[in-house]
Amino acid sequence: METKKLRMVFADNCGILKTSQLSKLKIDSRKINSLIKNGVIERITTGYYRLNSDTISEAAIISRLFADGVLWLNTSLFYYGYSDRTPMEWDIIISKNASPSRFDIDYPHTKPFFVTPSRLAYGVTTIKIDGCTINIFDRDRLICECLKYESEIDKETFNKAIQAYIADPKKNIKNLIAYAKKRKVLNRVHDVIGVWL
C-alpha cells in the first residue's frame, strides 16, 4: 500500500489504527514489523499503531484505546467548563471486565475506575475533543457521580462544579433526580443542590 493512502486511513481514524484495521488493508504482522523498522509507523501499545511522523493528541489516543470507557469526575468537569483546572490525568470509568493491562501506557496518564457494566448503561453521551468522539457522562449523571465520590474531588473544585451546574441552562433536573435515585445520592442532591433550585 502506498504511503499516501495509508496516511489518509490513519487520518480518518484520529491518527491511530488497530492491528485488525491494518489487516483489512492487507498489512500483515510481517509488514507491520517492517513499517516499524523503517520508521513509518510506531507501536503505541499492543495492537495499536500511529504514523511515526504524526503528532497525536491525548484525546485521540484516549478515544481509540478506551472507546468502551467513559470520561468522568475531574476530566469531565473540565470539559463541561465546570472546572478551570486542567486535569493531570484522564479519569476513565470502565467495565470491570476490561483488562487493567490496557492502561499500562506511558502517555497519556490515565486513572481507570473499574465498575460493573450496568453502571455504564445510562447517562452516557459523547463529546468531541480535538476532532475525536469520546464517551462522557452527561451533566446530570456527572453531578451525581461527584456527589457519590465527593471525597475524591478537591473541595474548591467540587463547590465550583456544583455552582456551575446550577447555573447551566443545559442541566436537566428530571434526569438528575432519576440518576440520583439509581446512584443512591438523592438526599445529597436535596441537601447540596435543592436549596438552589
# chains A, B, ... in the order shown; residues from 1 in each chain; ligands from 1

call {"tool": "residues_around", "arguments": {"residues": "Ile56 of chain A", "least_positions_apart": "2", "cutoff": "12 Å", "atoms": "only C-alpha atoms", "output": "tab-separated table (two decimals) with N, CA, C and O atoms, in the first residue's frame"}}
result
chain	number	residue	atom	x	y	z
A	10	PHE	N	-5.11	6.53	8.32
A	10	PHE	CA	-4.78	6.94	9.69
A	10	PHE	C	-5.54	8.22	10.05
A	10	PHE	O	-6.11	8.32	11.13
A	11	ALA	N	-5.55	9.18	9.13
A	11	ALA	CA	-6.22	10.46	9.38
A	11	ALA	C	-7.71	10.27	9.65
A	11	ALA	O	-8.30	10.96	10.48
A	13	ASN	N	-9.04	7.92	11.16
A	13	ASN	CA	-9.22	7.20	12.44
A	13	ASN	C	-8.50	7.89	13.59
A	13	ASN	O	-7.90	7.24	14.44
A	14	CYS	N	-8.54	9.22	13.59
A	14	CYS	CA	-7.90	10.03	14.64
A	14	CYS	C	-6.41	9.74	14.77
A	14	CYS	O	-5.82	9.91	15.83
A	15	GLY	N	-5.79	9.27	13.68
A	15	GLY	CA	-4.35	9.05	13.67
A	15	GLY	C	-3.88	7.73	14.24
A	15	GLY	O	-2.67	7.50	14.38
A	16	ILE	N	-4.83	6.85	14.59
A	16	ILE	CA	-4.46	5.58	15.22
A	16	ILE	C	-5.21	4.43	14.55
A	16	ILE	O	-6.41	4.51	14.30
A	17	LEU	N	-4.49	3.34	14.25
A	17	LEU	CA	-5.11	2.15	13.68
A	17	LEU	C	-4.81	0.94	14.56
A	17	LEU	O	-3.74	0.83	15.16
A	42	GLU	N	4.61	3.54	14.36
A	42	GLU	CA	5.12	3.30	15.71
A	42	GLU	C	4.04	2.60	16.52
A	42	GLU	O	2.86	2.91	16.39
A	44	ILE	N	1.97	2.10	19.71
A	44	ILE	CA	1.61	2.86	20.91
A	44	ILE	C	1.53	1.91	22.11
A	44	ILE	O	2.08	2.14	23.16
A	49	TYR	N	-1.36	1.37	16.60
A	49	TYR	CA	-0.23	1.99	15.91
A	49	TYR	C	-0.57	3.40	15.45
A	49	TYR	O	-1.73	3.73	15.24
A	50	ARG	N	0.48	4.21	15.29
A	50	ARG	CA	0.31	5.56	14.73
A	50	ARG	C	1.42	5.80	13.74
A	50	ARG	O	2.46	5.11	13.75
A	51	LEU	N	1.23	6.78	12.87
A	51	LEU	CA	2.30	7.16	11.95
A	51	LEU	C	3.41	7.82	12.75
A	51	LEU	O	3.14	8.64	13.62
A	52	ASN	N	4.62	7.47	12.45
A	52	ASN	CA	5.77	8.00	13.20
A	52	ASN	C	5.90	9.51	13.08
A	52	ASN	O	6.35	10.17	13.99
A	53	SER	N	5.49	10.05	11.94
A	53	SER	CA	5.67	11.47	11.69
A	53	SER	C	4.56	12.34	12.29
A	53	SER	O	4.68	13.55	12.36
A	54	ASP	N	3.47	11.70	12.73
A	54	ASP	CA	2.31	12.45	13.24
A	54	ASP	C	2.42	12.76	14.73
A	54	ASP	O	2.93	11.97	15.51
A	58	GLU	N	-3.64	13.72	22.96
A	58	GLU	CA	-4.01	12.81	24.03
A	58	GLU	C	-5.44	12.31	23.81
A	58	GLU	O	-5.73	11.13	24.01
A	59	ALA	N	-6.32	13.21	23.39
A	59	ALA	CA	-7.72	12.84	23.17
A	59	ALA	C	-7.85	11.75	22.12
A	59	ALA	O	-8.68	10.84	22.25
A	60	ALA	N	-7.03	11.82	21.07
A	60	ALA	CA	-7.08	10.80	20.02
A	60	ALA	C	-6.70	9.44	20.58
A	60	ALA	O	-7.36	8.43	20.28
A	61	ILE	N	-5.67	9.40	21.40
A	61	ILE	CA	-5.24	8.13	22.00
A	61	ILE	C	-6.33	7.58	22.92
A	61	ILE	O	-6.67	6.41	22.87
A	62	ILE	N	-6.89	8.45	23.75
A	62	ILE	CA	-7.95	8.02	24.68
A	62	ILE	C	-9.16	7.50	23.91
A	62	ILE	O	-9.72	6.45	24.24
A	63	SER	N	-9.55	8.22	22.86
A	63	SER	CA	-10.75	7.82	22.11
A	63	SER	C	-10.58	6.47	21.43
A	63	SER	O	-11.54	5.71	21.31
A	64	ARG	N	-9.38	6.16	21.01
A	64	ARG	CA	-9.14	4.90	20.29
A	64	ARG	C	-8.83	3.73	21.23
A	64	ARG	O	-9.34	2.64	21.05
A	107	TYR	N	1.94	7.23	27.98
A	107	TYR	CA	1.33	8.51	27.64
A	107	TYR	C	0.05	8.25	26.87
A	107	TYR	O	0.02	7.37	26.02
A	108	PRO	N	-1.01	8.97	27.17
A	108	PRO	CA	-1.18	9.93	28.26
A	108	PRO	C	-1.44	9.24	29.60
A	108	PRO	O	-1.72	8.04	29.64
A	130	ASP	N	-10.61	17.59	20.21
A	130	ASP	CA	-9.60	17.53	19.15
A	130	ASP	C	-10.08	16.73	17.94
A	130	ASP	O	-9.32	15.99	17.32
A	131	GLY	N	-11.38	16.85	17.63
A	131	GLY	CA	-11.93	16.18	16.46
A	131	GLY	C	-12.26	14.72	16.67
A	131	GLY	O	-12.72	14.04	15.75
A	132	CYS	N	-12.04	14.19	17.88
A	132	CYS	CA	-12.30	12.78	18.17
A	132	CYS	C	-13.50	12.66	19.10
A	132	CYS	O	-13.66	13.45	20.03

call {"tool": "residues_around", "arguments": {"residues": "segment 155-167 of chain A", "least_positions_apart": "2", "cutoff": "12 Å", "atoms": "only C-alpha atoms", "output": "number ranges by chain"}}
result
A: 73-87, 138-153, 169-173, 176, 188-189, 191-197

call {"tool": "write_last_selection", "arguments": {"atoms": "C-alpha atoms", "output": "mmCIF file, in the first residue's frame"}}
result
data_model
loop_
_atom_site.group_PDB
_atom_site.id
_atom_site.type_symbol
_atom_site.label_atom_id
_atom_site.label_comp_id
_atom_site.auth_asym_id
_atom_site.auth_seq_id
_atom_site.Cartn_x
_atom_site.Cartn_y
_atom_site.Cartn_z
ATOM 1 C CA LEU A 73 -15.009 13.252 37.613
ATOM 2 C CA ASN A 74 -12.204 15.822 37.153
ATOM 3 C CA THR A 75 -11.773 15.214 33.420
ATOM 4 C CA SER A 76 -15.489 15.645 32.730
ATOM 5 C CA LEU A 77 -15.750 18.687 34.995
ATOM 6 C CA PHE A 78 -13.016 20.349 32.937
ATOM 7 C CA TYR A 79 -14.572 19.557 29.542
ATOM 8 C CA TYR A 80 -18.002 20.779 30.631
ATOM 9 C CA GLY A 81 -16.424 24.015 31.860
ATOM 10 C CA TYR A 82 -17.385 23.224 35.466
ATOM 11 C CA SER A 83 -13.716 23.400 36.480
ATOM 12 C CA ASP A 84 -10.851 25.514 35.169
ATOM 13 C CA ARG A 85 -8.214 23.092 36.457
ATOM 14 C CA THR A 86 -6.599 21.153 33.629
ATOM 15 C CA PRO A 87 -6.557 17.509 34.801
ATOM 16 C CA ASP A 138 -23.948 13.737 30.696
ATOM 17 C CA ARG A 139 -24.023 16.750 33.016
ATOM 18 C CA ASP A 140 -26.685 15.340 35.323
ATOM 19 C CA ARG A 141 -25.066 11.926 35.743
ATOM 20 C CA LEU A 142 -21.686 13.606 36.262
ATOM 21 C CA ILE A 143 -23.030 15.669 39.158
ATOM 22 C CA CYS A 144 -24.475 12.527 40.754
ATOM 23 C CA GLU A 145 -21.053 10.865 40.441
ATOM 24 C CA CYS A 146 -19.426 13.931 42.005
ATOM 25 C CA LEU A 147 -21.846 13.717 44.928
ATOM 26 C CA LYS A 148 -21.161 9.980 45.270
ATOM 27 C CA TYR A 149 -17.372 10.432 45.164
ATOM 28 C CA GLU A 150 -17.136 13.862 46.777
ATOM 29 C CA SER A 151 -14.092 12.799 48.817
ATOM 30 C CA GLU A 152 -12.171 12.145 45.568
ATOM 31 C CA ILE A 153 -12.541 15.758 44.420
ATOM 32 C CA PRO A 169 -29.057 26.134 31.171
ATOM 33 C CA LYS A 170 -28.416 22.632 29.764
ATOM 34 C CA LYS A 171 -28.967 20.872 33.090
ATOM 35 C CA ASN A 172 -31.930 18.502 33.308
ATOM 36 C CA ILE A 173 -33.341 18.244 36.830
ATOM 37 C CA LEU A 176 -30.638 14.446 37.826
ATOM 38 C CA ARG A 188 -27.228 14.717 48.822
ATOM 39 C CA VAL A 189 -28.939 16.233 45.771
ATOM 40 C CA ASP A 191 -29.009 18.955 50.571
ATOM 41 C CA VAL A 192 -26.448 20.372 48.120
ATOM 42 C CA ILE A 193 -28.471 21.379 45.063
ATOM 43 C CA GLY A 194 -32.101 21.502 46.186
ATOM 44 C CA VAL A 195 -31.707 24.783 48.056
ATOM 45 C CA TRP A 196 -30.683 26.494 44.799
ATOM 46 C CA LEU A 197 -33.481 25.200 42.609
#

call {"tool": "select_by_dssp", "arguments": {"residues": "segment 19-124 of chain A", "states": "strand (DSSP E or B)", "output": "ChimeraX atom specification"}}
result
/A:41-45,48-51,70-71,90-95,110-115,124

call {"tool": "atom_distance", "arguments": {"atom1": "atom CA of Thr19 of chain A", "atom2": "atom CA of Tyr48 of chain A"}}
result
6.3 Å

call {"tool": "select_by_dssp", "arguments": {"residues": "segment 13-97 of chain A", "states": "alpha helix (DSSP H)", "output": "PyMOL selection string"}}
result
chain A and resi 19-24+29-37+58-65+73-79

call {"tool": "atom_distance", "arguments": {"atom1": "atom CA of Phe103 of chain A", "atom2": "atom CA of Asn33 of chain A"}}
result
23.0 Å

call {"tool": "closest_residue", "arguments": {"among": "A:Lys31, A:Arg102, A:Lys96, A:Arg43", "to": "Phe66 of chain A", "atoms": "only C-alpha atoms"}}
result
A:Arg102

call {"tool": "residues_around", "arguments": {"residues": "segment 88-90 of chain A", "least_positions_apart": "3", "cutoff": "6 Å", "atoms": "only C-alpha atoms", "output": "list of chain:residue names"}}
result
A:Thr75, A:His109, A:Thr110, A:Lys111

call {"tool": "atom_distance", "arguments": {"atom1": "atom CA of Thr45 of chain A", "atom2": "atom CA of Asp104 of chain A"}}
result
8.3 Å

call {"tool": "residues_around", "arguments": {"residues": "Phe114 of chain A", "least_positions_apart": "4", "cutoff": "7 Å", "atoms": "only C-alpha atoms", "output": "PyMOL selection string"}}
result
chain A and resi 93-96

call {"tool": "write_last_selection", "arguments": {"atoms": "all heavy atoms", "output": "PDB file, in the first residue's frame"}}
result
ATOM      1  N   ILE A  93     -13.899   5.845  33.611  1.00  0.00           N
ATOM      2  CA  ILE A  93     -14.652   4.781  34.272  1.00  0.00           C
ATOM      3  C   ILE A  93     -14.923   3.729  33.205  1.00  0.00           C
ATOM      4  O   ILE A  93     -15.265   4.053  32.064  1.00  0.00           O
ATOM      5  CB  ILE A  93     -15.937   5.344  34.934  1.00  0.00           C
ATOM      6  CG1 ILE A  93     -16.570   4.304  35.847  1.00  0.00           C
ATOM      7  CG2 ILE A  93     -16.916   5.884  33.928  1.00  0.00           C
ATOM      8  CD1 ILE A  93     -17.643   4.875  36.774  1.00  0.00           C
ATOM      9  N   ILE A  94     -14.712   2.463  33.552  1.00  0.00           N
ATOM     10  CA  ILE A  94     -14.759   1.402  32.543  1.00  0.00           C
ATOM     11  C   ILE A  94     -15.230   0.104  33.189  1.00  0.00           C
ATOM     12  O   ILE A  94     -15.132  -0.060  34.407  1.00  0.00           O
ATOM     13  CB  ILE A  94     -13.353   1.250  31.889  1.00  0.00           C
ATOM     14  CG1 ILE A  94     -13.412   0.455  30.593  1.00  0.00           C
ATOM     15  CG2 ILE A  94     -12.342   0.663  32.872  1.00  0.00           C
ATOM     16  CD1 ILE A  94     -12.175   0.609  29.722  1.00  0.00           C
ATOM     17  N   SER A  95     -15.727  -0.795  32.375  1.00  0.00           N
ATOM     18  CA  SER A  95     -16.228  -2.076  32.878  1.00  0.00           C
ATOM     19  C   SER A  95     -15.127  -2.852  33.598  1.00  0.00           C
ATOM     20  O   SER A  95     -13.975  -2.869  33.160  1.00  0.00           O
ATOM     21  CB  SER A  95     -16.770  -2.917  31.724  1.00  0.00           C
ATOM     22  OG  SER A  95     -16.995  -4.249  32.138  1.00  0.00           O
ATOM     23  N   LYS A  96     -15.501  -3.504  34.691  1.00  0.00           N
ATOM     24  CA  LYS A  96     -14.528  -4.321  35.432  1.00  0.00           C
ATOM     25  C   LYS A  96     -14.075  -5.521  34.612  1.00  0.00           C
ATOM     26  O   LYS A  96     -13.109  -6.188  34.965  1.00  0.00           O
ATOM     27  CB  LYS A  96     -15.123  -4.772  36.765  1.00  0.00           C
ATOM     28  CG  LYS A  96     -16.277  -5.738  36.650  1.00  0.00           C
ATOM     29  CD  LYS A  96     -16.759  -6.173  38.017  1.00  0.00           C
ATOM     30  CE  LYS A  96     -17.849  -7.220  37.915  1.00  0.00           C
ATOM     31  NZ  LYS A  96     -18.285  -7.689  39.233  1.00  0.00           N
TER      32      LYS A  96
END

call {"tool": "decode", "arguments": {"residues": "segment 62-163 of chain A", "atoms": "C-alpha atoms", "output": "PDB file, in the first residue's frame"}}
result
ATOM      1  CA  ILE A  62      -7.947   8.023  24.677  1.00  0.00           C
ATOM      2  CA  SER A  63     -10.755   7.823  22.107  1.00  0.00           C
ATOM      3  CA  ARG A  64      -9.140   4.898  20.291  1.00  0.00           C
ATOM      4  CA  LEU A  65      -7.632   2.895  23.165  1.00  0.00           C
ATOM      5  CA  PHE A  66     -10.554   3.277  25.548  1.00  0.00           C
ATOM      6  CA  ALA A  67     -13.571   3.552  23.246  1.00  0.00           C
ATOM      7  CA  ASP A  68     -15.549   1.487  25.787  1.00  0.00           C
ATOM      8  CA  GLY A  69     -14.643   3.798  28.672  1.00  0.00           C
ATOM      9  CA  VAL A  70     -16.405   6.959  29.846  1.00  0.00           C
ATOM     10  CA  LEU A  71     -14.815  10.216  30.997  1.00  0.00           C
ATOM     11  CA  TRP A  72     -15.866  11.226  34.488  1.00  0.00           C
ATOM     12  CA  LEU A  73     -15.009  13.252  37.613  1.00  0.00           C
ATOM     13  CA  ASN A  74     -12.204  15.822  37.153  1.00  0.00           C
ATOM     14  CA  THR A  75     -11.773  15.214  33.420  1.00  0.00           C
ATOM     15  CA  SER A  76     -15.489  15.645  32.730  1.00  0.00           C
ATOM     16  CA  LEU A  77     -15.750  18.687  34.995  1.00  0.00           C
ATOM     17  CA  PHE A  78     -13.016  20.349  32.937  1.00  0.00           C
ATOM     18  CA  TYR A  79     -14.572  19.557  29.542  1.00  0.00           C
ATOM     19  CA  TYR A  80     -18.002  20.779  30.631  1.00  0.00           C
ATOM     20  CA  GLY A  81     -16.424  24.015  31.860  1.00  0.00           C
ATOM     21  CA  TYR A  82     -17.385  23.224  35.466  1.00  0.00           C
ATOM     22  CA  SER A  83     -13.716  23.400  36.480  1.00  0.00           C
ATOM     23  CA  ASP A  84     -10.851  25.514  35.169  1.00  0.00           C
ATOM     24  CA  ARG A  85      -8.214  23.092  36.457  1.00  0.00           C
ATOM     25  CA  THR A  86      -6.599  21.153  33.629  1.00  0.00           C
ATOM     26  CA  PRO A  87      -6.557  17.509  34.801  1.00  0.00           C
ATOM     27  CA  MET A  88      -3.114  15.913  35.174  1.00  0.00           C
ATOM     28  CA  GLU A  89      -4.582  12.568  34.112  1.00  0.00           C
ATOM     29  CA  TRP A  90      -7.639  11.243  32.284  1.00  0.00           C
ATOM     30  CA  ASP A  91     -10.316   9.943  34.680  1.00  0.00           C
ATOM     31  CA  ILE A  92     -11.896   6.984  32.881  1.00  0.00           C
ATOM     32  CA  ILE A  93     -14.652   4.781  34.272  1.00  0.00           C
ATOM     33  CA  ILE A  94     -14.759   1.402  32.543  1.00  0.00           C
ATOM     34  CA  SER A  95     -16.228  -2.076  32.878  1.00  0.00           C
ATOM     35  CA  LYS A  96     -14.528  -4.321  35.432  1.00  0.00           C
ATOM     36  CA  ASN A  97     -14.371  -6.876  32.601  1.00  0.00           C
ATOM     37  CA  ALA A  98     -11.812  -4.693  30.801  1.00  0.00           C
ATOM     38  CA  SER A  99      -8.190  -5.726  31.162  1.00  0.00           C
ATOM     39  CA  PRO A 100      -6.257  -3.462  33.565  1.00  0.00           C
ATOM     40  CA  SER A 101      -3.131  -4.025  31.421  1.00  0.00           C
ATOM     41  CA  ARG A 102      -4.712  -1.812  28.742  1.00  0.00           C
ATOM     42  CA  PHE A 103      -3.858   1.129  30.966  1.00  0.00           C
ATOM     43  CA  ASP A 104      -0.153   0.245  31.076  1.00  0.00           C
ATOM     44  CA  ILE A 105       0.824   3.068  28.741  1.00  0.00           C
ATOM     45  CA  ASP A 106       3.412   5.790  29.241  1.00  0.00           C
ATOM     46  CA  TYR A 107       1.329   8.511  27.639  1.00  0.00           C
ATOM     47  CA  PRO A 108      -1.183   9.935  28.262  1.00  0.00           C
ATOM     48  CA  HIS A 109      -1.598   9.450  32.009  1.00  0.00           C
ATOM     49  CA  THR A 110      -4.838   7.673  32.841  1.00  0.00           C
ATOM     50  CA  LYS A 111      -6.698   6.903  36.047  1.00  0.00           C
ATOM     51  CA  PRO A 112      -9.097   4.000  35.456  1.00  0.00           C
ATOM     52  CA  PHE A 113     -12.000   3.171  37.751  1.00  0.00           C
ATOM     53  CA  PHE A 114     -13.494  -0.289  37.224  1.00  0.00           C
ATOM     54  CA  VAL A 115     -17.236  -0.861  37.721  1.00  0.00           C
ATOM     55  CA  THR A 116     -19.976  -3.333  36.831  1.00  0.00           C
ATOM     56  CA  PRO A 117     -21.180  -2.903  33.215  1.00  0.00           C
ATOM     57  CA  SER A 118     -24.645  -1.895  34.472  1.00  0.00           C
ATOM     58  CA  ARG A 119     -23.121   1.309  35.885  1.00  0.00           C
ATOM     59  CA  LEU A 120     -22.181   2.332  32.341  1.00  0.00           C
ATOM     60  CA  ALA A 121     -25.632   1.656  30.885  1.00  0.00           C
ATOM     61  CA  TYR A 122     -27.182   5.081  31.489  1.00  0.00           C
ATOM     62  CA  GLY A 123     -26.349   8.771  31.420  1.00  0.00           C
ATOM     63  CA  VAL A 124     -23.619   8.352  28.783  1.00  0.00           C
ATOM     64  CA  THR A 125     -23.288  10.776  25.884  1.00  0.00           C
ATOM     65  CA  THR A 126     -20.383  11.805  23.634  1.00  0.00           C
ATOM     66  CA  ILE A 127     -18.164  14.844  23.294  1.00  0.00           C
ATOM     67  CA  LYS A 128     -15.779  15.953  20.549  1.00  0.00           C
ATOM     68  CA  ILE A 129     -12.252  16.694  21.748  1.00  0.00           C
ATOM     69  CA  ASP A 130      -9.602  17.533  19.153  1.00  0.00           C
ATOM     70  CA  GLY A 131     -11.933  16.179  16.465  1.00  0.00           C
ATOM     71  CA  CYS A 132     -12.299  12.779  18.167  1.00  0.00           C
ATOM     72  CA  THR A 133     -15.509  11.417  19.697  1.00  0.00           C
ATOM     73  CA  ILE A 134     -15.200  10.282  23.321  1.00  0.00           C
ATOM     74  CA  ASN A 135     -17.804   8.897  25.735  1.00  0.00           C
ATOM     75  CA  ILE A 136     -18.616  11.123  28.701  1.00  0.00           C
ATOM     76  CA  PHE A 137     -21.300  11.122  31.383  1.00  0.00           C
ATOM     77  CA  ASP A 138     -23.948  13.737  30.696  1.00  0.00           C
ATOM     78  CA  ARG A 139     -24.023  16.750  33.016  1.00  0.00           C
ATOM     79  CA  ASP A 140     -26.685  15.340  35.323  1.00  0.00           C
ATOM     80  CA  ARG A 141     -25.066  11.926  35.743  1.00  0.00           C
ATOM     81  CA  LEU A 142     -21.686  13.606  36.262  1.00  0.00           C
ATOM     82  CA  ILE A 143     -23.030  15.669  39.158  1.00  0.00           C
ATOM     83  CA  CYS A 144     -24.475  12.527  40.754  1.00  0.00           C
ATOM     84  CA  GLU A 145     -21.053  10.865  40.441  1.00  0.00           C
ATOM     85  CA  CYS A 146     -19.426  13.931  42.005  1.00  0.00           C
ATOM     86  CA  LEU A 147     -21.846  13.717  44.928  1.00  0.00           C
ATOM     87  CA  LYS A 148     -21.161   9.980  45.270  1.00  0.00           C
ATOM     88  CA  TYR A 149     -17.372  10.432  45.164  1.00  0.00           C
ATOM     89  CA  GLU A 150     -17.136  13.862  46.777  1.00  0.00           C
ATOM     90  CA  SER A 151     -14.092  12.799  48.817  1.00  0.00           C
ATOM     91  CA  GLU A 152     -12.171  12.145  45.568  1.00  0.00           C
ATOM     92  CA  ILE A 153     -12.541  15.758  44.420  1.00  0.00           C
ATOM     93  CA  ASP A 154     -10.784  18.849  45.738  1.00  0.00           C
ATOM     94  CA  LYS A 155     -13.287  20.820  47.863  1.00  0.00           C
ATOM     95  CA  GLU A 156     -12.884  24.056  45.906  1.00  0.00           C
ATOM     96  CA  THR A 157     -13.316  22.202  42.597  1.00  0.00           C
ATOM     97  CA  PHE A 158     -16.392  20.446  43.960  1.00  0.00           C
ATOM     98  CA  ASN A 159     -18.035  23.686  45.106  1.00  0.00           C
ATOM     99  CA  LYS A 160     -17.312  25.429  41.781  1.00  0.00           C
ATOM    100  CA  ALA A 161     -18.697  22.455  39.873  1.00  0.00           C
ATOM    101  CA  ILE A 162     -21.958  22.498  41.825  1.00  0.00           C
ATOM    102  CA  GLN A 163     -22.383  26.245  41.242  1.00  0.00           C
TER     103      GLN A 163
END
